[in-house]
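Beneath this line is the structure, given in structure tokens, with notes to follow.
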Amino acid sequence: MKAYYHARASEYDDWWQARGHYAFLSADWMAERDEAFAVIRSLPPARTLDVACGTGFVTRLLPGEVTAIDQSPAMVEIAREQAPAAEHAVADALTLPFPDGSFERVFTSHFYGHLEEPERVVFLSEARRVARELVVFDAGLHSGDERAEWQDRVLDDGSQWQVYKRFFAPESLAGELGGGVALHAGVWFVVVRSP
């Protein structure tokens with residue numbers, strides 16, 4: 001997955017903007033994306049660590065003092081341009097390079113759903129170590145059933161990748177996170193805040 005997202009850095013925002021390979025995304029998808037973004041903008045300001053920030057497309061919505069990390073130098077380079085108010089670093093989400101309690105909130109967008117069980121356990125432990133609150137923005141059940149699958153994905157350069165992806169009901173995601181509340185529960189997206 002790390003190599004895939006590094007290779008995808010220059011075209012990652014095509015998904016958010018429904019262009020290129022993602023031009024098929026519907027007006028309903030875009031409207032719900034904007035609703036989820038409004039939820040993120042409305043979070044109370046906090047010292048936030050954005051884990052797996054990608055290009056910073058969502059990072060720039062986060063209120064408060066933000067530190068954004070990603071394992072990909074290419075993603076971080078783009079994020080520095082898109083979210084210039086945040087501090088940025090190349091770092092691994094499973095070994096966060098911060099002391100205990102460094103932040104008030106850990107936020108992650110479309111990262112948690114890529115983690116298989118062993119990595120989920122490690123990530124949740126690390127997130128809880130560095131912050132008392134966790135907010136997860138990820139994929140909803142647009143086809144109805146909770147599922148985990150390996151997806152075939154193709155980049156603009158023609159390279160092909162297999163990517164693990166999970167889709168969530170807000171209640172089950174909250175349960176996995178150790179409790180919480182759904183801030184957005186849509187067809188395409190979920191946002192859950194876990195204290």
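As shown in the structure tokens, the chain order sets the letters A, B, ...; within each chain, residues go from 1, and ligands are also counted from 1 in the order they appear.
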Just list as a PyMOL selection string whatever in range 4-183 of chain A DSSP marks as helix (DSSP H, G or I). chain A and resi 4-11+13-16+20-22+27-41+59-61+73-82+112-114+117-130+170-176
Among range 19-175 of chain A, which ones does DSSP place in strand (DSSP E), written as a ChimeraX atom specification? /A:48-51,66-70,87-90,105-109,133-139,147-154,160-167
If you count only C-alpha atoms, which residues fall within 12 Å of range 22-26 of chain A, apart from same-chain ones fewer than 6 positions away, as an mmCIF file with C-alpha atoms, in the first residue's frame?
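After the write, out_32.cif holds the following:
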data_model
loop_
_atom_site.group_PDB
_atom_site.id
_atom_site.type_symbol
_atom_site.label_atom_id
_atom_site.label_comp_id
_atom_site.auth_asym_id
_atom_site.auth_seq_id
_atom_site.Cartn_x
_atom_site.Cartn_y
_atom_site.Cartn_z
ATOM 1 C CA GLU A 11 -3.114 12.023 -9.265
ATOM 2 C CA TYR A 12 -4.631 11.373 -5.822
ATOM 3 C CA ASP A 13 -6.783 14.517 -5.826
ATOM 4 C CA ASP A 14 -8.467 13.369 -9.039
ATOM 5 C CA TRP A 15 -10.644 11.240 -6.736
ATOM 6 C CA TRP A 16 -11.607 14.137 -4.469
ATOM 7 C CA GLU A 32 -22.035 14.049 0.175
ATOM 8 C CA ARG A 33 -18.278 14.679 -0.025
ATOM 9 C CA ARG A 153 -6.462 -0.265 -9.163
ATOM 10 C CA VAL A 154 -4.788 1.263 -12.208
ATOM 11 C CA LEU A 155 -2.850 4.534 -12.222
ATOM 12 C CA ASP A 156 -2.482 6.996 -15.088
ATOM 13 C CA TRP A 188 -20.419 7.098 0.595
#
Using only C-alpha atoms, which residues sit within 9 Å of Glu126 in chain A once same-chain residues fewer than 2 positions away are excluded, as a PyMOL selection string? chain A and resi 93-96+100+121-124+128-131
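Interatomic distance, CA of Gln82 in chain A against CA of Trp29 in chain A: 22.3 Å.
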